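Data first, discussion second: the structure below is written as structure tokens.
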There are 2 protein chains.
Amino acid sequence: MKLYDFGLAPNCRRVRFFAAEKGIDLECVTVDMMTQEQLGDGYRKVNERLTVPMLELEDGTKLTESVAICRYLEEMQPEPPLFGSGALGKAQVEMWHRRVELDGLVAAAEALRNSAAGFRDRALPGPQNFEQIPALAERGQRRLDAFFAMLETRLAESPYLAGDTFSIADILGVVVVDFARAVKRRIPEDATHTARWHAEISARPAASA
Amino acid sequence: MKLYDFGLAPNCRRVRFFAAEKGIDLECVTVDMMTQEQLGDGYRKVNERLTVPMLELEDGTKLTESVAICRYLEEMQPEPPLFGSGALGKAQVEMWHRRVELDGLVAAAEALRNSAAGFRDRALPGPQNFEQIPALAERGQRRLDAFFAMLETRLAESPYLAGDTFSIADILGVVVVDFARAVKRRIPEDATHTARWHAEISARPAASA
């Protein structure tokens, strides 16, 4: 299986981290977003959505959307379960994973893509160009306040985001916390539970995949 | 099981439609978003995220995030499978469901919530107030062009969004197409494949749940 990938992109790191936790080796093909390689004719022939990550299976089938890729890997290699176990466990992973996406990943991406010079006219990924909206960058920063508060409240009561077991919600949580450094955000100094969780998960070998 | 629900909200309709396809009866408790009941003290005690839908289980466990609720129902009542079957099938449903969310639901919600008087200072759901950003409403409209184009291209080659089988991607697709009427968008007149698909799915009894 071939993963079209870019090291710094949070959605790519989510997939690499997830695959490494499963012990799945992926052949990574770098698409250099720093030089906008994902918008060039070469990659357009590979993926007309112009997004990374993309997984290409042995038979040529292509999967985009990072969670779809993770879901495929979960089904191919169920152990350890990273989308939860049992009806309620799976629902709680879905819930926490989505909260991290909505409140954290989207907020950080909006803050970065609507402010950084490198994303001029590229406020959203994909084939359409969209101009930056400065108010959206500012809103993203305010939403990150709420995201860090949510993490701390939750991690004061639970070892992992979705409960007692490590899951994709924690993978994405750490990816977002690290990604938020690009918009000058760090774990608040008094957020000791978040710091404990972040340190523990960052020490997992898969975190550096 | 009790569903805190509001008839017109697309995320609520996604859950009701999904449950009805499964033949699952939910006790619906209306939270009147027209009068901002979801922001009042009563509902704050029920769900501090101030969002609908929310599912409350018999034992009092609460699930927010509409897809987490659907995932719980899928696990409790696996037939018919609406999140796909097999590794690739499940991944393809996840991929198309996410494309409809990202390109359609988010775009329509941004177009509506950043323009309608009723959403003044409520550009996002949840406990924080956010002012409307007119540029985001306008961007949402442009993204809906791409969404309708994506639907037509896909449905010209496939009976359902994720392939040969009806899934949650189709449920959300129809929910978004209908929701987009709130921002004056209809299926383009020349989008015959989309019209065929929309008519077929709208005729399912669960579509009016």
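Residue numbers start at 1 in each chain; chains themselves are named A, B, ... in the order of the structure tokens; ligands are numbered from 1 in the order shown.
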
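The interface of chain B with chain A at 7 Å, considering only C-alpha atoms, consists of B:Thr64, B:Glu65, B:Ala68, B:Ile69, B:Arg71, B:Tyr72, B:Glu75, B:Met76, B:Ala87, B:Leu88, B:Ala91, B:Gln92, B:Glu94, B:Met95.
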
Do a neighbour search on stretch 15-30 of chain A at 10 Å with only C-alpha atoms, toss out local chain neighbours closer than 3 positions, and write the hits as a ChimeraX atom specification. /A:1-7,10-12,33,37-38,52-56,65-71,73-74,76-82,167-168,171-172,175,204-209

Take the residues just selected and output them with N, CA and C atoms as a compact mmCIF listing (two decimals), in the first residue's frame.
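This is the output file again_28.txt:
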```txt
# COMPACT_ATOMS: atom_id res chain seq x y z
N MET A 1 0.84 -1.20 0.00
CA MET A 1 0.00 0.00 0.00
C MET A 1 0.87 1.24 0.00
N LYS A 2 0.48 2.21 -0.80
CA LYS A 2 1.28 3.42 -0.99
C LYS A 2 0.53 4.61 -0.39
N LEU A 3 1.19 5.34 0.48
CA LEU A 3 0.58 6.52 1.08
C LEU A 3 1.19 7.78 0.49
N TYR A 4 0.39 8.57 -0.19
CA TYR A 4 0.83 9.90 -0.63
C TYR A 4 0.73 10.82 0.57
N ASP A 5 1.82 11.46 0.90
CA ASP A 5 2.02 11.95 2.26
C ASP A 5 2.85 13.22 2.24
N PHE A 6 2.63 14.05 3.27
CA PHE A 6 3.55 15.18 3.50
C PHE A 6 3.79 15.29 5.00
N GLY A 7 5.06 15.30 5.37
CA GLY A 7 5.45 15.17 6.77
C GLY A 7 4.75 16.11 7.73
N PRO A 10 -1.03 17.79 9.33
CA PRO A 10 -1.59 17.05 10.47
C PRO A 10 -2.42 15.83 10.05
N ASN A 11 -3.15 15.94 8.95
CA ASN A 11 -3.92 14.77 8.53
C ASN A 11 -3.02 13.62 8.10
N CYS A 12 -1.87 13.94 7.55
CA CYS A 12 -0.91 12.89 7.18
C CYS A 12 -0.33 12.25 8.44
N MET A 33 4.21 19.77 -0.18
CA MET A 33 3.25 20.88 -0.11
C MET A 33 3.95 22.23 0.01
N GLU A 37 3.37 21.02 -4.65
CA GLU A 37 3.37 19.88 -5.58
C GLU A 37 1.98 19.24 -5.70
N GLN A 38 1.19 19.36 -4.63
CA GLN A 38 -0.14 18.74 -4.66
C GLN A 38 -1.08 19.43 -5.65
N VAL A 52 -3.71 15.52 0.27
CA VAL A 52 -2.98 14.44 0.92
C VAL A 52 -3.50 14.36 2.34
N PRO A 53 -3.51 13.20 2.97
CA PRO A 53 -2.99 11.93 2.47
C PRO A 53 -3.95 11.26 1.48
N MET A 54 -3.39 10.36 0.69
CA MET A 54 -4.20 9.46 -0.12
C MET A 54 -3.55 8.08 -0.06
N LEU A 55 -4.36 7.06 0.09
CA LEU A 55 -3.84 5.69 0.14
C LEU A 55 -4.18 5.00 -1.17
N GLU A 56 -3.17 4.39 -1.77
CA GLU A 56 -3.41 3.62 -2.99
C GLU A 56 -3.17 2.15 -2.68
N GLU A 65 -9.38 11.14 2.27
CA GLU A 65 -9.98 11.45 3.58
C GLU A 65 -9.27 10.59 4.63
N SER A 66 -8.56 11.25 5.50
CA SER A 66 -7.67 10.53 6.41
C SER A 66 -8.40 9.52 7.28
N VAL A 67 -9.61 9.83 7.71
CA VAL A 67 -10.32 8.89 8.58
C VAL A 67 -10.78 7.66 7.79
N ALA A 68 -11.08 7.83 6.52
CA ALA A 68 -11.42 6.67 5.68
C ALA A 68 -10.21 5.75 5.56
N ILE A 69 -9.04 6.34 5.43
CA ILE A 69 -7.82 5.54 5.36
C ILE A 69 -7.60 4.79 6.68
N CYS A 70 -7.75 5.48 7.79
CA CYS A 70 -7.59 4.82 9.10
C CYS A 70 -8.63 3.72 9.29
N ARG A 71 -9.83 3.97 8.86
CA ARG A 71 -10.89 2.97 9.00
C ARG A 71 -10.53 1.72 8.21
N LEU A 73 -7.51 0.66 7.51
CA LEU A 73 -6.43 -0.03 8.23
C LEU A 73 -6.97 -0.75 9.46
N GLU A 74 -7.94 -0.15 10.15
CA GLU A 74 -8.56 -0.79 11.32
C GLU A 74 -9.22 -2.11 10.93
N MET A 76 -8.50 -3.98 8.28
CA MET A 76 -7.52 -4.94 7.79
C MET A 76 -6.69 -5.52 8.93
N GLN A 77 -6.50 -4.73 9.96
CA GLN A 77 -5.65 -5.13 11.09
C GLN A 77 -6.35 -4.68 12.37
N PRO A 78 -7.31 -5.48 12.85
CA PRO A 78 -8.17 -5.01 13.95
C PRO A 78 -7.45 -4.79 15.29
N GLU A 79 -6.28 -5.39 15.47
CA GLU A 79 -5.58 -5.24 16.75
C GLU A 79 -4.41 -4.28 16.66
N PRO A 80 -4.19 -3.47 17.65
CA PRO A 80 -5.14 -3.11 18.71
C PRO A 80 -6.28 -2.25 18.16
N PRO A 81 -7.48 -2.38 18.72
CA PRO A 81 -8.60 -1.57 18.21
C PRO A 81 -8.39 -0.10 18.57
N LEU A 82 -8.35 0.75 17.57
CA LEU A 82 -8.11 2.18 17.81
C LEU A 82 -9.38 3.01 17.58
N SER A 167 -6.91 5.63 21.96
CA SER A 167 -7.68 5.50 20.71
C SER A 167 -7.24 6.55 19.69
N ILE A 168 -7.87 6.52 18.54
CA ILE A 168 -7.59 7.51 17.49
C ILE A 168 -7.90 8.92 17.99
N ILE A 171 -4.68 10.02 19.38
CA ILE A 171 -3.73 10.26 18.29
C ILE A 171 -3.99 11.65 17.71
N LEU A 172 -5.24 11.91 17.35
CA LEU A 172 -5.53 13.21 16.75
C LEU A 172 -5.33 14.34 17.75
N VAL A 175 -1.74 15.15 17.76
CA VAL A 175 -1.40 15.76 16.46
C VAL A 175 -1.85 17.23 16.44
N ARG A 204 5.21 7.40 22.87
CA ARG A 204 4.96 6.15 22.13
C ARG A 204 5.78 6.17 20.86
N PRO A 205 6.41 5.05 20.48
CA PRO A 205 7.24 5.06 19.26
C PRO A 205 6.46 5.55 18.02
N ALA A 206 5.18 5.21 17.95
CA ALA A 206 4.40 5.57 16.76
C ALA A 206 4.21 7.08 16.62
N ALA A 207 4.39 7.80 17.72
CA ALA A 207 4.18 9.26 17.67
C ALA A 207 5.17 9.95 16.75
N SER A 208 6.31 9.32 16.53
CA SER A 208 7.30 9.96 15.65
C SER A 208 7.26 9.39 14.23
N ALA A 209 6.25 8.62 13.92
CA ALA A 209 6.14 8.05 12.56
C ALA A 209 5.90 9.14 11.53
```

Hey, what's within 12 Å of A:Ala108 if we count only C-alpha atoms and toss same-chain stuff fewer than 5 positions away? As an NGL selection string, please? :A and (9-10 or 100-103 or 113-116 or 136-148 or 173 or 175-186)

Once you have the residues from the selection above, write them out as a PDB file, in the first residue's frame, restricted to C-alpha atoms.
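So the final result, stored in again_37.pdb, reads:
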```pdb
ATOM      1  CA  ALA A   9       0.483  18.027   7.411  1.00  0.00           C
ATOM      2  CA  PRO A  10      -1.586  17.047  10.469  1.00  0.00           C
ATOM      3  CA  VAL A 100     -11.097  17.032  18.587  1.00  0.00           C
ATOM      4  CA  GLU A 101     -11.637  17.475  14.859  1.00  0.00           C
ATOM      5  CA  LEU A 102     -14.338  20.122  15.158  1.00  0.00           C
ATOM      6  CA  ASP A 103     -13.011  22.125  18.083  1.00  0.00           C
ATOM      7  CA  ARG A 113      -4.504  28.900   6.631  1.00  0.00           C
ATOM      8  CA  ASN A 114      -6.186  32.285   6.979  1.00  0.00           C
ATOM      9  CA  SER A 115      -3.089  34.046   8.259  1.00  0.00           C
ATOM     10  CA  ALA A 116       0.154  32.490   6.976  1.00  0.00           C
ATOM     11  CA  LEU A 136     -11.582  33.408  10.461  1.00  0.00           C
ATOM     12  CA  ALA A 137      -7.965  33.224  11.612  1.00  0.00           C
ATOM     13  CA  GLU A 138      -8.869  35.281  14.644  1.00  0.00           C
ATOM     14  CA  ARG A 139     -11.916  33.110  15.353  1.00  0.00           C
ATOM     15  CA  GLY A 140      -9.737  30.015  15.094  1.00  0.00           C
ATOM     16  CA  GLN A 141      -7.518  31.370  17.847  1.00  0.00           C
ATOM     17  CA  ARG A 142     -10.519  31.956  20.129  1.00  0.00           C
ATOM     18  CA  ARG A 143     -11.789  28.469  19.416  1.00  0.00           C
ATOM     19  CA  LEU A 144      -8.404  27.046  20.394  1.00  0.00           C
ATOM     20  CA  ASP A 145      -8.914  28.553  23.869  1.00  0.00           C
ATOM     21  CA  ALA A 146     -12.035  26.424  24.201  1.00  0.00           C
ATOM     22  CA  PHE A 147     -10.274  23.394  22.756  1.00  0.00           C
ATOM     23  CA  PHE A 148      -7.463  23.512  25.308  1.00  0.00           C
ATOM     24  CA  GLY A 173      -5.488  15.132  20.012  1.00  0.00           C
ATOM     25  CA  VAL A 175      -1.400  15.763  16.464  1.00  0.00           C
ATOM     26  CA  VAL A 176      -3.561  18.874  16.916  1.00  0.00           C
ATOM     27  CA  VAL A 177      -1.715  20.078  20.022  1.00  0.00           C
ATOM     28  CA  ASP A 178       1.571  19.822  18.123  1.00  0.00           C
ATOM     29  CA  PHE A 179       0.101  21.361  14.964  1.00  0.00           C
ATOM     30  CA  ALA A 180      -1.209  24.322  16.987  1.00  0.00           C
ATOM     31  CA  ARG A 181       2.402  25.378  17.573  1.00  0.00           C
ATOM     32  CA  ALA A 182       2.276  26.642  13.985  1.00  0.00           C
ATOM     33  CA  VAL A 183      -0.147  29.308  15.223  1.00  0.00           C
ATOM     34  CA  LYS A 184       1.904  29.914  18.381  1.00  0.00           C
ATOM     35  CA  ARG A 185      -0.285  27.920  20.729  1.00  0.00           C
ATOM     36  CA  ARG A 186       1.072  25.677  23.461  1.00  0.00           C
TER      37      ARG A 186
END
```

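One distance worth recording is that between atom CA of A:Leu151 and atom CA of A:Thr194, which is 6.4 Å.
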
Residues near B:Leu50, anyone? I mean within 8 Å using only C-alpha atoms, not counting same-chain ones fewer than 2 positions away, as a list of chain:residue names. B:Gln38, B:Leu39, B:Tyr43, B:Arg44, B:Asn47, B:Glu48, B:Val52, B:Pro125, B:Gly126, B:Pro127

Can you write just those residues out, N, CA and C atoms, as a compact mmCIF listing (two decimals), in the first residue's frame?
```
# COMPACT_ATOMS: atom_id res chain seq x y z
N GLN B 38 -31.93 25.70 23.15
CA GLN B 38 -30.69 24.95 23.39
C GLN B 38 -29.65 25.76 24.16
N LEU B 39 -29.87 27.07 24.24
CA LEU B 39 -28.92 27.92 24.98
C LEU B 39 -29.39 28.22 26.40
N TYR B 43 -31.58 23.29 29.17
CA TYR B 43 -30.83 22.38 28.31
C TYR B 43 -29.35 22.33 28.69
N ARG B 44 -28.85 23.42 29.26
CA ARG B 44 -27.45 23.43 29.69
C ARG B 44 -27.18 22.33 30.71
N ASN B 47 -27.01 19.08 28.45
CA ASN B 47 -25.85 18.96 27.56
C ASN B 47 -25.08 20.26 27.58
N GLU B 48 -23.94 20.24 28.23
CA GLU B 48 -23.16 21.48 28.38
C GLU B 48 -22.55 21.96 27.07
N VAL B 52 -27.69 20.02 19.68
CA VAL B 52 -28.57 18.91 19.34
C VAL B 52 -28.09 18.37 18.01
N PRO B 125 -22.45 26.59 16.39
CA PRO B 125 -23.16 26.04 17.56
C PRO B 125 -22.23 25.96 18.76
N GLY B 126 -22.82 25.75 19.93
CA GLY B 126 -22.00 25.57 21.13
C GLY B 126 -22.09 26.75 22.07
N PRO B 127 -21.37 26.66 23.20
CA PRO B 127 -21.52 27.66 24.26
C PRO B 127 -20.90 29.02 23.95
```

Please identify which residues in chain B DSSP calls strand (DSSP E) from the backbone, and express them as number ranges by chain. B: 2-5, 27-30, 54-56, 62-64

Can you spit out the residues from that selection as an mmCIF file, in the first residue's frame, using N, CA and C atoms?
```
data_model
loop_
_atom_site.group_PDB
_atom_site.id
_atom_site.type_symbol
_atom_site.label_atom_id
_atom_site.label_comp_id
_atom_site.auth_asym_id
_atom_site.auth_seq_id
_atom_site.Cartn_x
_atom_site.Cartn_y
_atom_site.Cartn_z
ATOM 1 N N LYS B 2 -33.618 8.248 24.386
ATOM 2 C CA LYS B 2 -34.237 9.553 24.211
ATOM 3 C C LYS B 2 -33.340 10.412 23.311
ATOM 4 N N LEU B 3 -33.922 10.941 22.246
ATOM 5 C CA LEU B 3 -33.160 11.813 21.350
ATOM 6 C C LEU B 3 -33.590 13.254 21.555
ATOM 7 N N TYR B 4 -32.686 14.086 21.989
ATOM 8 C CA TYR B 4 -32.928 15.528 22.030
ATOM 9 C C TYR B 4 -32.724 16.039 20.621
ATOM 10 N N ASP B 5 -33.727 16.708 20.109
ATOM 11 C CA ASP B 5 -33.893 16.808 18.667
ATOM 12 C C ASP B 5 -34.544 18.129 18.292
ATOM 13 N N GLU B 27 -37.435 8.012 21.356
ATOM 14 C CA GLU B 27 -38.326 8.979 21.985
ATOM 15 C C GLU B 27 -37.728 10.371 21.737
ATOM 16 N N CYS B 28 -38.387 11.160 20.921
ATOM 17 C CA CYS B 28 -37.809 12.465 20.558
ATOM 18 C C CYS B 28 -38.288 13.560 21.510
ATOM 19 N N VAL B 29 -37.356 14.303 22.054
ATOM 20 C CA VAL B 29 -37.645 15.449 22.908
ATOM 21 C C VAL B 29 -37.241 16.692 22.126
ATOM 22 N N THR B 30 -38.212 17.511 21.792
ATOM 23 C CA THR B 30 -37.889 18.678 20.967
ATOM 24 C C THR B 30 -37.192 19.756 21.785
ATOM 25 N N MET B 54 -28.712 15.047 20.737
ATOM 26 C CA MET B 54 -28.006 14.305 21.786
ATOM 27 C C MET B 54 -28.840 13.067 22.101
ATOM 28 N N LEU B 55 -28.173 11.947 22.252
ATOM 29 C CA LEU B 55 -28.871 10.700 22.587
ATOM 30 C C LEU B 55 -28.602 10.369 24.044
ATOM 31 N N GLU B 56 -29.675 10.116 24.786
ATOM 32 C CA GLU B 56 -29.520 9.683 26.179
ATOM 33 C C GLU B 56 -29.961 8.230 26.275
ATOM 34 N N LYS B 62 -24.816 9.782 27.932
ATOM 35 C CA LYS B 62 -25.161 10.747 26.901
ATOM 36 C C LYS B 62 -24.161 10.715 25.762
ATOM 37 N N LEU B 63 -24.675 10.728 24.568
ATOM 38 C CA LEU B 63 -23.823 10.790 23.373
ATOM 39 C C LEU B 63 -24.173 12.031 22.575
ATOM 40 N N THR B 64 -23.186 12.865 22.323
ATOM 41 C CA THR B 64 -23.370 13.959 21.380
ATOM 42 C C THR B 64 -22.619 13.625 20.096
#
```

Just the residues within 12 Å of B:His193, please, counting only C-alpha atoms, with nothing from its chain fewer than 4 positions along; format it as an NGL selection string. :B and (148-161 or 187-189 or 197-200)

Take the selection from the previous step and output its residues with N, CA and C atoms, as a compact mmCIF listing (two decimals), in the first residue's frame.
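Full text of part_2.txt as output:
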```txt
# COMPACT_ATOMS: atom_id res chain seq x y z
N PHE B 148 -22.40 20.49 -5.56
CA PHE B 148 -23.39 19.97 -6.51
C PHE B 148 -22.70 19.35 -7.73
N ALA B 149 -21.58 19.92 -8.14
CA ALA B 149 -20.84 19.33 -9.26
C ALA B 149 -20.29 17.95 -8.89
N MET B 150 -19.79 17.84 -7.67
CA MET B 150 -19.26 16.55 -7.21
C MET B 150 -20.36 15.49 -7.19
N LEU B 151 -21.53 15.85 -6.66
CA LEU B 151 -22.64 14.90 -6.61
C LEU B 151 -22.96 14.40 -8.02
N GLU B 152 -23.08 15.32 -8.96
CA GLU B 152 -23.51 14.93 -10.31
C GLU B 152 -22.47 14.03 -10.97
N THR B 153 -21.21 14.37 -10.83
CA THR B 153 -20.16 13.54 -11.41
C THR B 153 -20.20 12.13 -10.82
N ARG B 154 -20.32 12.05 -9.52
CA ARG B 154 -20.32 10.76 -8.86
C ARG B 154 -21.56 9.93 -9.21
N LEU B 155 -22.72 10.59 -9.21
CA LEU B 155 -23.96 9.84 -9.41
C LEU B 155 -24.19 9.50 -10.88
N ALA B 156 -23.38 10.07 -11.76
CA ALA B 156 -23.40 9.64 -13.17
C ALA B 156 -22.73 8.28 -13.32
N GLU B 157 -21.86 7.94 -12.38
CA GLU B 157 -21.10 6.69 -12.50
C GLU B 157 -21.51 5.64 -11.48
N SER B 158 -22.35 6.02 -10.51
CA SER B 158 -22.65 5.11 -9.40
C SER B 158 -24.09 5.33 -8.94
N PRO B 159 -24.83 4.26 -8.64
CA PRO B 159 -26.22 4.46 -8.20
C PRO B 159 -26.31 5.18 -6.87
N TYR B 160 -25.38 4.89 -5.97
CA TYR B 160 -25.35 5.56 -4.66
C TYR B 160 -23.97 6.18 -4.48
N LEU B 161 -23.85 7.06 -3.51
CA LEU B 161 -22.59 7.79 -3.39
C LEU B 161 -21.40 6.87 -3.12
N ILE B 187 -30.97 21.63 -6.63
CA ILE B 187 -30.23 20.80 -7.58
C ILE B 187 -30.23 21.51 -8.93
N PRO B 188 -29.07 21.69 -9.55
CA PRO B 188 -29.04 22.37 -10.85
C PRO B 188 -29.95 21.66 -11.86
N GLU B 189 -30.56 22.41 -12.75
CA GLU B 189 -31.54 21.83 -13.66
C GLU B 189 -30.97 20.74 -14.55
N TRP B 197 -31.31 10.35 -8.15
CA TRP B 197 -30.89 9.85 -6.83
C TRP B 197 -31.70 10.53 -5.72
N HIS B 198 -31.87 11.82 -5.80
CA HIS B 198 -32.59 12.55 -4.76
C HIS B 198 -34.05 12.10 -4.70
N ALA B 199 -34.67 11.91 -5.86
CA ALA B 199 -36.08 11.49 -5.88
C ALA B 199 -36.22 10.09 -5.30
N GLU B 200 -35.29 9.21 -5.65
CA GLU B 200 -35.38 7.82 -5.18
C GLU B 200 -35.24 7.76 -3.66
```
